[in-house]
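The next block is my_file_5.txt, given as compact mmCIF, C-alpha atoms.
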# COMPACT_ATOMS: atom_id res chain seq x y z
CA MET A 1 103.69 61.19 129.34
CA SER A 2 102.53 63.05 132.38
CA ARG A 3 101.88 66.29 130.57
CA SER A 4 100.12 66.40 127.29
CA SER A 5 99.03 69.31 125.22
CA ARG A 6 95.48 68.50 126.28
CA SER A 7 96.14 69.51 129.82
CA LEU A 8 97.30 72.85 128.60
CA LEU A 9 94.23 73.16 126.46
CA LEU A 10 92.19 72.83 129.62
CA SER A 11 93.62 76.10 130.74
CA GLY A 12 91.24 77.75 128.34
CA ALA A 13 93.52 78.82 125.60
CA ALA A 14 93.86 76.80 122.47
CA VAL A 15 97.48 75.99 122.67
CA VAL A 16 99.84 74.48 120.22
CA ALA A 17 101.50 71.35 121.31
CA LEU A 18 104.29 71.88 123.68
CA LEU A 19 106.17 68.93 122.57
CA SER A 20 109.59 69.36 123.85
CA LEU A 21 109.12 71.16 127.09
CA SER A 22 112.24 71.47 129.09
CA LEU A 23 110.68 72.92 132.20
CA SER A 24 109.69 70.51 134.86
CA ALA A 25 106.29 71.91 135.73
CA VAL A 26 103.41 72.58 133.41
CA ALA A 27 102.26 75.47 135.54
CA ALA A 28 105.57 77.20 135.28
CA GLN A 29 105.61 76.66 131.57
CA GLU A 30 102.17 78.14 131.12
CA ALA A 31 103.06 81.22 133.11
CA GLU A 32 106.20 81.72 131.14
CA ALA A 33 104.48 81.14 127.84
CA ASP A 34 101.89 83.76 128.64
CA GLU A 35 104.61 86.17 129.40
CA MET A 36 106.64 85.40 126.32
CA ALA A 37 103.68 85.70 124.04
CA SER A 38 103.32 89.37 124.70
CA MET A 39 106.94 90.26 124.26
CA GLU A 40 109.41 90.53 121.53
CA PRO A 41 112.06 87.87 121.63
CA MET A 42 114.40 88.55 124.47
CA ALA A 43 117.77 87.39 125.49
CA GLU A 44 116.41 84.64 127.69
CA MET A 45 114.36 83.09 124.90
CA GLU A 46 116.16 79.99 123.82
CA PRO A 47 117.18 80.08 120.19
CA GLY A 48 114.88 78.00 118.04
CA LEU A 49 111.60 78.00 116.19
CA TYR A 50 108.42 78.73 118.10
CA VAL A 51 105.01 77.79 116.77
CA ARG A 52 102.04 79.65 118.18
CA ASP A 53 98.39 80.44 117.41
CA ALA A 54 98.02 77.23 115.45
CA TRP A 55 94.54 76.18 114.38
CA ALA A 56 92.87 74.22 111.62
CA ARG A 57 89.50 75.04 110.19
CA VAL A 58 86.63 72.62 110.58
CA SER A 59 86.10 70.56 107.45
CA PRO A 60 83.06 68.32 107.54
CA MET A 61 83.66 66.59 104.22
CA VAL A 62 86.77 64.46 103.80
CA GLU A 63 86.86 65.03 100.04
CA LEU A 64 87.42 68.73 100.62
CA ALA A 65 90.83 69.88 101.73
CA GLY A 66 91.36 71.32 105.16
CA ALA A 67 93.63 74.19 106.07
CA ALA A 68 95.84 74.91 109.05
CA TYR A 69 97.29 78.20 110.16
CA MET A 70 99.87 79.37 112.68
CA VAL A 71 102.62 81.81 113.40
CA ILE A 72 106.16 80.48 113.41
CA HIS A 73 108.76 82.63 115.07
CA ASN A 74 112.38 82.14 114.21
CA ALA A 75 114.32 83.05 117.31
CA THR A 76 117.69 82.33 115.80
CA ASP A 77 120.33 84.35 114.00
CA ALA A 78 119.91 82.42 110.77
CA ASP A 79 117.20 82.35 108.16
CA ASP A 80 115.25 79.14 107.98
CA ALA A 81 112.17 77.98 106.12
CA LEU A 82 109.20 75.72 106.52
CA VAL A 83 109.67 73.26 103.70
CA SER A 84 107.06 70.59 104.24
CA ALA A 85 104.51 69.20 106.62
CA SER A 86 102.81 65.92 107.26
CA SER A 87 99.93 64.74 109.34
CA PRO A 88 98.25 61.49 110.25
CA ALA A 89 95.00 63.34 109.52
CA ALA A 90 95.54 63.65 105.78
CA GLU A 91 97.06 61.68 102.96
CA PHE A 92 98.83 64.71 101.56
CA VAL A 93 99.93 67.89 103.25
CA GLU A 94 101.07 70.82 101.15
CA LEU A 95 102.13 74.40 101.63
CA HIS A 96 100.05 76.93 99.74
CA LEU A 97 99.77 80.64 99.30
CA SER A 98 96.55 82.45 98.55
CA SER A 99 97.02 85.87 97.09
CA MET A 100 95.17 88.48 95.12
CA ASP A 101 96.29 88.95 91.56
CA GLU A 102 96.26 92.13 89.53
CA GLU A 103 92.68 91.52 88.47
CA GLY A 104 91.47 91.20 92.02
CA MET A 105 91.14 87.45 91.80
CA MET A 106 92.16 85.36 94.75
CA SER A 107 94.31 82.52 93.55
CA MET A 108 96.07 79.76 95.36
CA ASN A 109 99.46 78.36 94.55
CA GLN A 110 101.48 75.57 96.02
CA VAL A 111 104.80 76.79 97.39
CA THR A 112 107.97 74.86 98.08
CA GLU A 113 108.79 76.77 101.22
CA ILE A 114 107.65 79.49 103.56
CA ALA A 115 110.47 81.74 104.63
CA LEU A 116 111.38 82.09 108.29
CA PRO A 117 113.67 85.09 108.45
CA ALA A 118 116.08 85.31 111.35
CA HIS A 119 114.30 86.84 114.34
CA GLY A 120 111.19 87.12 112.22
CA ASP A 121 107.83 85.46 111.84
CA ALA A 122 106.12 83.44 109.17
CA VAL A 123 102.43 84.16 109.45
CA LEU A 124 100.14 81.50 108.09
CA LYS A 125 96.60 82.90 107.95
CA PRO A 126 93.46 82.81 105.82
CA GLY A 127 93.97 84.45 102.46
CA SER A 128 97.72 83.99 102.69
CA TYR A 129 100.09 81.17 103.52
CA HIS A 130 98.48 78.01 104.83
CA VAL A 131 99.07 74.32 105.29
CA MET A 132 96.67 72.33 103.17
CA LEU A 133 95.41 68.95 104.38
CA ILE A 134 94.37 66.89 101.38
CA ASN A 135 92.39 63.66 101.38
CA LEU A 136 91.39 63.86 105.00
CA VAL A 137 91.30 60.60 106.90
CA GLU A 138 88.22 61.83 108.68
CA PRO A 139 86.32 65.09 108.95
CA LEU A 140 87.97 67.85 110.95
CA ILE A 141 85.56 68.33 113.83
CA GLN A 142 85.43 71.39 116.00
CA ASP A 143 87.28 71.19 119.31
CA THR A 144 89.28 68.17 118.29
CA GLU A 145 92.95 68.31 117.37
CA VAL A 146 95.07 67.28 114.46
CA GLU A 147 98.73 66.50 114.72
CA LEU A 148 100.97 68.28 112.30
CA THR A 149 104.68 67.69 111.83
CA LEU A 150 106.54 70.64 110.39
CA GLU A 151 109.85 70.19 108.64
CA PHE A 152 112.30 72.98 108.22
CA MET A 153 115.24 73.74 106.04
CA THR A 154 117.62 73.79 108.98
CA ALA A 155 115.89 73.28 112.29
CA GLU A 156 114.75 69.91 113.54
CA PRO A 157 111.17 68.97 112.75
CA GLN A 158 108.48 69.90 115.22
CA THR A 159 105.17 68.22 115.79
CA VAL A 160 102.34 70.41 116.96
CA SER A 161 98.86 69.47 118.03
CA VAL A 162 96.55 71.82 116.22
CA PRO A 163 93.09 72.60 117.57
CA VAL A 164 90.24 72.44 115.07
CA LEU A 165 88.16 75.59 115.19
CA ALA A 166 85.21 76.95 113.26
CA GLU A 167 86.76 80.35 112.85
CA PRO A 168 90.07 82.07 113.44
CA PRO A 169 90.90 82.44 117.10
CA MET A 170 91.33 85.89 118.50
CA MET A 171 95.05 86.37 118.16
CA GLY A 172 96.66 87.24 121.43
CA ASP A 173 94.26 85.14 123.43
CA MET A 174 96.20 82.07 122.60
CA GLY A 175 99.73 83.25 122.42
CA ASP A 176 101.38 80.37 124.19
CA MET A 177 104.35 79.01 122.43
CA GLY A 178 105.92 75.69 122.01
CA ASP A 179 109.54 75.36 122.84
CA PRO A 180 112.16 75.18 120.16
CA GLY A 181 112.36 71.89 118.40
CA ASP A 182 115.99 71.49 119.13
CA MET A 183 115.29 71.14 122.82
CA GLY A 184 113.85 67.72 122.41
CA ASP A 185 114.81 64.72 120.38
CA MET A 186 112.42 65.27 117.54
CA GLY A 187 114.79 64.38 114.81
CA ASP A 188 112.88 61.35 113.60
CA MET A 189 109.44 62.80 113.71
CA GLY A 190 109.35 63.77 110.11
CA GLU A 191 109.41 60.23 108.84
CA GLY A 192 106.40 58.03 108.50
CA MET A 193 103.93 60.20 110.33
CA ASP A 194 101.02 57.87 109.85
CA HIS A 195 100.62 57.04 113.50
CA GLY A 196 98.21 58.09 116.14
CA MET A 197 98.24 60.88 118.64
CA ASP A 198 100.38 58.98 121.10
CA MET A 199 103.46 59.14 119.02
CA GLU A 200 104.58 62.45 120.37
CA GLU A 201 104.49 61.06 123.87
CA ASP A 202 106.32 57.91 122.89
CA GLU A 203 108.93 59.83 121.06
CA GLU A 204 109.41 62.11 123.96
CA ASP A 205 109.86 59.24 126.34
CA ASP A 206 112.44 57.75 124.09
CA ALA A 207 114.32 60.96 124.30
CA MET B 1 79.80 116.59 99.90
CA ARG B 2 79.23 115.97 96.29
CA ARG B 3 76.01 114.19 96.71
CA HIS B 4 73.16 114.26 99.10
CA GLN B 5 72.76 111.12 101.11
CA THR B 6 70.28 109.94 103.61
CA LEU B 7 71.57 109.82 107.11
CA ALA B 8 71.63 106.08 107.30
CA LEU B 9 73.38 105.66 104.02
CA ALA B 10 75.94 108.27 104.89
CA ALA B 11 76.68 106.39 108.05
CA LEU B 12 76.77 103.20 106.08
CA THR B 13 79.37 104.74 103.88
CA SER B 14 81.60 105.63 106.74
CA LEU B 15 81.43 102.08 107.97
CA ALA B 16 82.24 100.71 104.59
CA VAL B 17 85.49 102.41 103.92
CA VAL B 18 87.15 99.17 103.11
CA ALA B 19 84.36 98.07 100.87
CA ALA B 20 84.78 101.28 99.00
CA ALA B 21 87.85 99.95 97.32
CA CYS B 22 85.45 97.82 95.37
CA GLY B 23 83.48 100.83 94.27
CA ASP B 24 82.35 101.52 90.81
CA SER B 25 84.53 104.19 89.40
CA GLU B 26 87.26 103.23 87.00
CA ASP B 27 89.36 106.10 88.18
CA SER B 28 89.18 105.51 91.87
CA THR B 29 92.40 105.84 93.75
CA ASP B 30 93.03 102.93 96.00
CA ALA B 31 94.43 103.34 99.42
CA PRO B 32 97.65 101.37 99.73
CA THR B 33 96.25 98.75 102.03
CA GLN B 34 93.21 98.04 99.95
CA PRO B 35 92.78 95.46 97.24
CA PRO B 36 92.21 96.65 93.73
CA PRO B 37 88.68 97.39 92.56
CA SER B 38 86.98 94.30 91.41
CA VAL B 39 83.34 95.15 91.23
CA GLU B 40 81.48 96.63 88.35
CA PRO B 41 77.76 96.39 89.03
CA ALA B 42 75.56 96.01 86.03
CA ALA B 43 74.02 99.40 86.50
CA THR B 44 75.88 102.43 85.31
CA ILE B 45 76.89 105.00 87.82
CA ALA B 46 78.20 108.33 86.80
CA PRO B 47 81.95 108.41 87.14
CA VAL B 48 83.13 110.70 89.85
CA THR B 49 86.36 112.56 90.06
CA PRO B 50 88.62 111.50 92.88
CA VAL B 51 88.96 114.11 95.53
CA PRO B 52 91.61 114.42 98.23
CA ALA B 53 90.81 112.39 101.28
CA PRO B 54 89.04 114.58 103.83
CA GLU B 55 91.00 114.71 107.06
CA ALA B 56 92.37 111.31 107.97
CA VAL B 57 89.20 109.32 108.30
CA GLU B 58 87.82 108.61 104.88
CA PRO B 59 89.98 107.97 101.88
CA SER B 60 88.58 108.98 98.58
CA PRO B 61 87.42 105.47 97.70
CA ALA B 62 84.79 105.90 100.39
CA GLU B 63 83.54 108.86 98.47
CA GLU B 64 83.34 106.74 95.40
CA ALA B 65 81.29 104.22 97.26
CA ALA B 66 79.10 106.97 98.59
CA ALA B 67 78.22 107.84 95.05
CA GLY B 68 77.28 104.25 94.44
CA ILE B 69 75.31 103.86 97.60
CA GLY B 70 73.40 107.01 96.86
CA GLU B 71 71.81 105.35 93.88
CA PRO B 72 71.05 101.76 94.72
CA VAL B 73 70.16 99.67 91.75
CA ALA B 74 68.22 96.48 91.30
CA ALA B 75 70.47 93.56 92.07
CA PRO B 76 71.68 91.83 88.94
CA ALA B 77 69.86 88.61 88.32
CA LEU B 78 71.32 85.22 89.07
CA ALA B 79 69.41 83.68 86.21
CA ASP B 80 69.27 80.08 85.07
CA LEU B 81 71.04 78.74 88.14
CA VAL B 82 69.84 75.77 90.13
CA LEU B 83 69.64 74.85 93.77
CA PRO B 84 71.10 71.56 95.02
CA ASP B 85 67.73 69.86 94.57
CA GLY B 86 67.82 70.81 90.93
CA SER B 87 65.06 73.38 91.12
CA GLY B 88 65.53 76.81 89.60
CA PHE B 89 66.88 79.55 91.82
CA ASP B 90 65.08 82.88 92.05
CA LEU B 91 66.95 85.64 93.84
CA ALA B 92 63.71 87.62 94.11
CA GLU B 93 62.35 85.02 96.51
CA LEU B 94 64.84 86.23 99.09
CA GLN B 95 63.43 89.75 99.07
CA GLY B 96 62.29 90.84 102.45
CA GLU B 97 65.63 90.09 104.03
CA ASN B 98 69.09 91.43 103.45
CA THR B 99 71.02 89.01 101.28
CA LEU B 100 74.76 88.50 100.94
CA VAL B 101 75.89 86.99 97.65
CA PHE B 102 79.34 85.62 96.96
CA PHE B 103 80.99 83.51 94.30
CA GLY B 104 83.38 80.67 95.07
CA TYR B 105 83.79 76.93 94.91
CA THR B 106 83.47 74.14 97.41
CA HIS B 107 86.97 72.76 96.84
CA CYS B 108 88.41 76.07 97.95
CA PRO B 109 90.20 75.31 101.23
CA ASP B 110 91.26 78.75 102.32
CA VAL B 111 89.54 81.79 100.87
CA CYS B 112 85.95 80.55 100.57
CA PRO B 113 85.79 78.97 104.04
CA GLN B 114 87.08 82.23 105.45
CA THR B 115 84.30 84.13 103.66
CA ILE B 116 81.75 81.60 104.84
CA GLY B 117 83.10 81.99 108.35
CA GLU B 118 82.42 85.71 108.21
CA LEU B 119 78.92 85.01 106.92
CA TYR B 120 78.36 82.76 109.90
CA GLY B 121 79.41 85.66 112.06
CA VAL B 122 76.72 87.74 110.40
CA PHE B 123 74.15 84.98 110.89
CA GLU B 124 75.01 84.83 114.53
CA ALA B 125 74.15 88.49 115.02
CA LEU B 126 71.36 88.70 112.44
CA PRO B 127 69.89 85.25 111.84
CA GLN B 128 67.38 86.52 109.29
CA THR B 129 70.13 87.40 106.87
CA GLN B 130 70.25 85.27 103.75
CA ALA B 131 73.42 84.20 101.94
CA VAL B 132 73.85 82.87 98.42
CA PHE B 133 76.93 80.97 97.34
CA VAL B 134 77.30 80.90 93.56
CA SER B 135 79.68 78.20 92.41
CA VAL B 136 82.21 79.09 89.75
CA ASP B 137 83.22 75.43 89.49
CA PRO B 138 80.31 73.60 87.88
CA GLU B 139 82.51 70.64 86.98
CA ARG B 140 82.92 69.63 90.60
CA ASP B 141 80.02 71.56 92.12
CA THR B 142 77.21 69.57 90.66
CA PRO B 143 73.79 69.86 92.28
CA GLU B 144 74.40 66.44 93.78
CA PHE B 145 77.66 67.50 95.36
CA LEU B 146 76.16 70.75 96.61
CA GLN B 147 73.36 68.75 98.16
CA GLU B 148 75.85 67.01 100.40
CA TRP B 149 77.82 70.18 101.04
CA ILE B 150 74.80 72.28 101.93
CA ALA B 151 73.75 69.73 104.51
CA TYR B 152 76.44 71.20 106.76
CA LYS B 153 75.18 74.74 106.28
CA PRO B 154 72.35 76.61 107.96
CA GLU B 155 69.00 76.97 106.21
CA ASN B 156 69.55 80.59 105.26
CA PHE B 157 72.70 79.62 103.36
CA HIS B 158 71.81 78.88 99.76
CA ALA B 159 74.11 77.33 97.19
CA VAL B 160 73.55 77.47 93.46
CA THR B 161 75.32 76.13 90.43
CA GLY B 162 74.54 75.81 86.76
CA THR B 163 75.91 75.43 83.32
CA PRO B 164 79.24 77.09 82.60
CA GLY B 165 77.40 79.63 80.48
CA ALA B 166 74.83 80.52 83.10
CA ILE B 167 77.50 80.88 85.75
CA ARG B 168 79.59 83.08 83.51
CA ARG B 169 76.61 85.33 82.80
CA ALA B 170 75.79 85.65 86.49
CA ALA B 171 79.41 86.41 87.28
CA ASP B 172 79.62 89.02 84.56
CA ASN B 173 76.53 90.69 85.96
CA TYR B 174 78.29 91.12 89.27
CA GLY B 175 81.69 91.97 87.89
CA VAL B 176 83.03 88.69 89.19
CA LYS B 177 86.09 87.30 87.46
CA TYR B 178 87.14 83.69 87.69
CA ALA B 179 89.37 81.26 85.88
CA ARG B 180 90.36 77.67 86.16
CA VAL B 181 94.00 77.18 87.09
CA GLU B 182 95.90 73.93 86.72
CA THR B 183 98.18 73.24 89.66
CA THR B 184 100.93 70.99 90.89
CA SER B 185 98.86 70.16 93.94
CA THR B 186 97.48 66.72 94.58
CA SER B 187 94.19 68.47 95.31
CA GLY B 188 93.68 69.14 91.63
CA TYR B 189 92.87 72.32 89.79
CA THR B 190 91.86 75.48 91.56
CA MET B 191 89.59 78.31 90.58
CA SER B 192 90.94 81.82 90.85
CA HIS B 193 88.09 84.16 91.58
CA THR B 194 87.25 87.54 92.95
CA ALA B 195 86.02 87.05 96.48
CA ASP B 196 83.80 89.98 97.34
CA ILE B 197 80.55 89.71 99.23
CA TYR B 198 77.69 91.63 97.61
CA LEU B 199 75.05 93.22 99.79
CA ILE B 200 71.51 93.17 98.47
CA ASP B 201 68.92 94.84 100.67
CA ALA B 202 65.44 93.64 101.52
CA GLU B 203 64.04 95.47 98.50
CA GLY B 204 66.36 93.55 96.21
CA ARG B 205 68.68 96.46 95.59
CA TYR B 206 72.39 95.98 95.17
CA LEU B 207 74.14 98.29 97.61
CA LEU B 208 77.83 97.52 97.81
CA ALA B 209 80.57 94.95 97.82
CA TYR B 210 82.76 93.92 100.71
CA PRO B 211 86.23 92.82 99.70
CA PHE B 212 87.69 89.55 100.89
CA GLY B 213 88.66 89.76 104.51
CA THR B 214 85.94 92.15 105.65
CA PRO B 215 85.11 91.17 109.24
CA ALA B 216 81.59 90.05 109.99
CA ALA B 217 81.26 92.86 112.51
CA GLU B 218 81.54 95.48 109.79
CA ILE B 219 78.86 93.82 107.71
CA VAL B 220 76.64 93.46 110.76
CA GLU B 221 76.95 97.16 111.50
CA ASP B 222 75.84 97.98 107.99
CA LEU B 223 72.93 95.58 108.11
CA GLU B 224 71.79 96.98 111.43
CA LEU B 225 71.81 100.45 109.93
CA LEU B 226 69.84 99.20 106.97
CA ASN B 227 67.34 97.49 109.21
CA ALA B 228 66.92 100.64 111.23
CA SER B 229 66.40 102.89 108.25
This entry written out as C-alpha cells:
Amino acid sequence: MSRSSRSLLLSGAAVVALLSLSLSAVAAQEAEADEMASMEPMAEMEPGLYVRDAWARVSPMVELAGAAYMVIHNATDADDALVSASSPAAEFVELHLSSMDEEGMMSMNQVTEIALPAHGDAVLKPGSYHVMLINLVEPLIQDTEVELTLEFMTAEPQTVSVPVLAEPPMMGDMGDMGDPGDMGDMGDMGEGMDHGMDMEEDEEDDA
Amino acid sequence: MRRHQTLALAALTSLAVVAAACGDSEDSTDAPTQPPPSVEPAATIAPVTPVPAPEAVEPSPAEEAAAGIGEPVAAPALADLVLPDGSGFDLAELQGENTLVFFGYTHCPDVCPQTIGELYGVFEALPQTQAVFVSVDPERDTPEFLQEWIAYKPENFHAVTGTPGAIRRAADNYGVKYARVETTSTSGYTMSHTADIYLIDAEGRYLLAYPFGTPAAEIVEDLELLNAS
C-alpha cells in the first residue's frame, strides 16, 4: 500500500503500473527501470512479461470506444500471447488489429490473441494492434488512469495502470517497466475486474 | 529534373517523400516501407515514367509527387454535405487558409483518433489551419451526433456528413475508398477506409495527400513553406 503507481508517475514519466514490485525501495526500482528500459534483455532480467509505454487515448464520449496501447516484452524462453483484457473502465475490452488492406483502406479486425514471441515484443500502437475499451463507464480524461488487466496464454495475468493521454507519448521517455507478473500473486486478478482502483493494492497486500 | 518547379514546391516535395506514395501515377513504384497508392485526385495528371531513385534521398515516388505538385488543381468539391447544425457545407468558405481534409468515422477508435491527433499537432503550430472531417458513416454520424462530437473539437475543426450518395460522390472525388464491414466485436460494424489527409492550400488548390501515420511535424513543415511562398 505504501507505494502506488501514482508515486512513480510523479517522477515525471508516465509509467505503467508496477504492480508486483519485488524491490523494497521505490527509488531503487525507478533507477533500475530506467536502466533496463534502454537495454536489451540481459541475464539479470527476471524471466517474465514486462509491460511498458502503456497509454490510453482520451475519449470524451462514452459511446465511442477507447483504445489502449503498450509494448509487452516477453523475457522468457517460451512463446506466449496476450489473449484477453478487462478493465473496470469499460463494459467490454477486446483485442483489435488495424491494418491496411490491398486497396489502401485501413480496416480493423478483432483478434483472439496477440503473439508474444520468446524474447520478443508485442507492440500495440495506433494503426496496429490495440486494446479496445467498449462502452466506457465514463469518459477517458487526460492525465487520469485506467486500470487494465491483461491475461496471457501462459503467464499469470498482470494489471497495469494506464495513463490517459491526448497523443502518443514519446517512446523512450517513459520506458520504465513493470515487473513480471509471476513475481506477485496476481493469479486471481483476471476474474471479476469490476472493482475500483484500490484492488491492486488490496490484492498485493493479500499476497 | 523532369519538370520545372518553384523553389518552395521543390522543397515541399522533398519534405513529402512519404506522401509521395499516394501520388497520382498508376505506375508508381512504391518504396517497401510505404503504403500503396490510394489517391487519385479528380484532375488528370500526365502519367510519368518511374525513374531510378536519385542517390539515396528521394525514392521515385517523390518524383511522382513532384509532378503532381507542379500542377496544383482546384480541390474537388465536397458537395451536398452538411455541417452538424444541418446547414450546407461549402469548402470554398475555407479559402484563405490551408485546409486539411480527411475521411473517417466517429466510431473509429484507433485510426481516426490518431489522424485527429496529428491534426491537433498541426493546429498547435499553425492555429489558422482548417481541418475538415468527412464522415463515411452516415448511419451513425448523423448531424445530431456530430453536433455532440464536434463540441470536443476546436473551432477550426469542421465535421460534415450527408446522404450515402453525397458522401460516396465526395469520396470518389478524392479517390477515397470505404466500405462497411460487419464484425464480431461488441462495438458493432466498422468502416474500412483510406486514411490520407489531403492538403488544400489557401487558394483552394489540392496539393497532395499525406498517408496515414504522417507526423504532424512533416505537415507543419509543408504548411510553413506554403505560407512563406
Step by step: start from the point (90.8, 81.2, 87.4) in the file's coordinates, keep every protein, DNA or RNA residue that has an atom no farther than 8 Å from it, count only C-alpha atoms, and write the set as a ChimeraX atom specification. /A:105,107 /B:177-181,190-193
Write to file, as a PDB file, in the coordinates of the input, the residues of the selection just made, with C-alpha atoms.
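Saved file selection_6.pdb follows:
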ATOM      1  CA  MET A 105      91.140  87.450  91.800  1.00  0.00           C
ATOM      2  CA  SER A 107      94.310  82.520  93.550  1.00  0.00           C
TER       3      SER A 107
ATOM      4  CA  LYS B 177      86.090  87.300  87.460  1.00  0.00           C
ATOM      5  CA  TYR B 178      87.140  83.690  87.690  1.00  0.00           C
ATOM      6  CA  ALA B 179      89.370  81.260  85.880  1.00  0.00           C
ATOM      7  CA  ARG B 180      90.360  77.670  86.160  1.00  0.00           C
ATOM      8  CA  VAL B 181      94.000  77.180  87.090  1.00  0.00           C
ATOM      9  CA  THR B 190      91.860  75.480  91.560  1.00  0.00           C
ATOM     10  CA  MET B 191      89.590  78.310  90.580  1.00  0.00           C
ATOM     11  CA  SER B 192      90.940  81.820  90.850  1.00  0.00           C
ATOM     12  CA  HIS B 193      88.090  84.160  91.580  1.00  0.00           C
TER      13      HIS B 193
END
So the first atom is atom CA of Arg52 of chain A and the second is atom CA of Ile72 of chain A; what is the distance between them in Å, to one decimal place? 6.4 Å
Kindly determine which residues of chain A lie within 12 Å of chain B, considering only C-alpha atoms, and give the answer as an MDAnalysis selection string. chainID A and resid 56:69 90:112 124:136 139 141 165:169
Store the residues picked out above, limited to C-alpha atoms, as a short mmCIF file (atom, residue, chain, number, x, y, z; two decimals), in the frame of the given file.
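Done, and the output landed in out_28.cif:
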data_model
loop_
_atom_site.label_atom_id
_atom_site.label_comp_id
_atom_site.auth_asym_id
_atom_site.auth_seq_id
_atom_site.Cartn_x
_atom_site.Cartn_y
_atom_site.Cartn_z
CA ALA A 56 92.87 74.22 111.62
CA ARG A 57 89.50 75.04 110.19
CA VAL A 58 86.63 72.62 110.58
CA SER A 59 86.10 70.56 107.45
CA PRO A 60 83.06 68.32 107.54
CA MET A 61 83.66 66.59 104.22
CA VAL A 62 86.77 64.46 103.80
CA GLU A 63 86.86 65.03 100.04
CA LEU A 64 87.42 68.73 100.62
CA ALA A 65 90.83 69.88 101.73
CA GLY A 66 91.36 71.32 105.16
CA ALA A 67 93.63 74.19 106.07
CA ALA A 68 95.84 74.91 109.05
CA TYR A 69 97.29 78.20 110.16
CA ALA A 90 95.54 63.65 105.78
CA GLU A 91 97.06 61.68 102.96
CA PHE A 92 98.83 64.71 101.56
CA VAL A 93 99.93 67.89 103.25
CA GLU A 94 101.07 70.82 101.15
CA LEU A 95 102.13 74.40 101.63
CA HIS A 96 100.05 76.93 99.74
CA LEU A 97 99.77 80.64 99.30
CA SER A 98 96.55 82.45 98.55
CA SER A 99 97.02 85.87 97.09
CA MET A 100 95.17 88.48 95.12
CA ASP A 101 96.29 88.95 91.56
CA GLU A 102 96.26 92.13 89.53
CA GLU A 103 92.68 91.52 88.47
CA GLY A 104 91.47 91.20 92.02
CA MET A 105 91.14 87.45 91.80
CA MET A 106 92.16 85.36 94.75
CA SER A 107 94.31 82.52 93.55
CA MET A 108 96.07 79.76 95.36
CA ASN A 109 99.46 78.36 94.55
CA GLN A 110 101.48 75.57 96.02
CA VAL A 111 104.80 76.79 97.39
CA THR A 112 107.97 74.86 98.08
CA LEU A 124 100.14 81.50 108.09
CA LYS A 125 96.60 82.90 107.95
CA PRO A 126 93.46 82.81 105.82
CA GLY A 127 93.97 84.45 102.46
CA SER A 128 97.72 83.99 102.69
CA TYR A 129 100.09 81.17 103.52
CA HIS A 130 98.48 78.01 104.83
CA VAL A 131 99.07 74.32 105.29
CA MET A 132 96.67 72.33 103.17
CA LEU A 133 95.41 68.95 104.38
CA ILE A 134 94.37 66.89 101.38
CA ASN A 135 92.39 63.66 101.38
CA LEU A 136 91.39 63.86 105.00
CA PRO A 139 86.32 65.09 108.95
CA ILE A 141 85.56 68.33 113.83
CA LEU A 165 88.16 75.59 115.19
CA ALA A 166 85.21 76.95 113.26
CA GLU A 167 86.76 80.35 112.85
CA PRO A 168 90.07 82.07 113.44
CA PRO A 169 90.90 82.44 117.10
#
Just give me the gap between atom CA of Val51 of chain A and atom CA of Met70 of chain A in Å, one decimal is fine. 6.8 Å
Could you pull the residues within 7 Å of Thr159 of chain A, counting only C-alpha atoms, minus those fewer than 6 positions along the same chain, as a ChimeraX atom specification? /A:19,147-150
State, in Å with one decimal place, the distance from atom CA of Leu94 of chain B to atom CA of Arg168 of chain B. 21.7 Å
Compare B:Asn173, B:Gln95, B:Thr163, B:Thr214 by their minimum atom-to-atom distance to Arg140 of chain B, counting all atoms listed in the file, and give me the closest one. B:Thr163
If we draw a sphere of 10 Å around (69.9, 88.3, 112.5), which residues have at least one atom in it when counting only C-alpha atoms? Please report them as a PDB file with C-alpha atoms, in the coordinates of the input.
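Saved to selection07.pdb:
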ATOM      1  CA  GLU B  97      65.630  90.090 104.030  1.00  0.00           C
ATOM      2  CA  ASN B  98      69.090  91.430 103.450  1.00  0.00           C
ATOM      3  CA  GLY B 121      79.410  85.660 112.060  1.00  0.00           C
ATOM      4  CA  VAL B 122      76.720  87.740 110.400  1.00  0.00           C
ATOM      5  CA  PHE B 123      74.150  84.980 110.890  1.00  0.00           C
ATOM      6  CA  GLU B 124      75.010  84.830 114.530  1.00  0.00           C
ATOM      7  CA  ALA B 125      74.150  88.490 115.020  1.00  0.00           C
ATOM      8  CA  LEU B 126      71.360  88.700 112.440  1.00  0.00           C
ATOM      9  CA  PRO B 127      69.890  85.250 111.840  1.00  0.00           C
ATOM     10  CA  GLN B 128      67.380  86.520 109.290  1.00  0.00           C
ATOM     11  CA  THR B 129      70.130  87.400 106.870  1.00  0.00           C
ATOM     12  CA  GLN B 130      70.250  85.270 103.750  1.00  0.00           C
ATOM     13  CA  VAL B 220      76.640  93.460 110.760  1.00  0.00           C
ATOM     14  CA  LEU B 223      72.930  95.580 108.110  1.00  0.00           C
ATOM     15  CA  GLU B 224      71.790  96.980 111.430  1.00  0.00           C
TER      16      GLU B 224
END
Using only C-alpha atoms: which of B:Glu139, B:Lys153, B:Gly96, B:Phe145 has the shortest distance to Asn227 of chain B: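 For Asn227 of chain B, the nearest of the candidates is B:Gly96.
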Could you tell me which of A:Gly48, A:Val71, A:Gln158, A:Trp55 comes closest to Val146 of chain A if we count all atoms listed in the file?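 Going through A:Gly48, A:Val71, A:Gln158, A:Trp55 one by one, the smallest distance to Val146 of chain A is for A:Trp55.
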Have a look at B:Leu119, B:Val101, B:Ala159, B:Val136 and name the one nearest to Asp85 of chain B; count all atoms listed in the file.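 Checking each of B:Leu119, B:Val101, B:Ala159, B:Val136 against Asp85 of chain B, counting all atoms listed in the file, the winner is B:Ala159.
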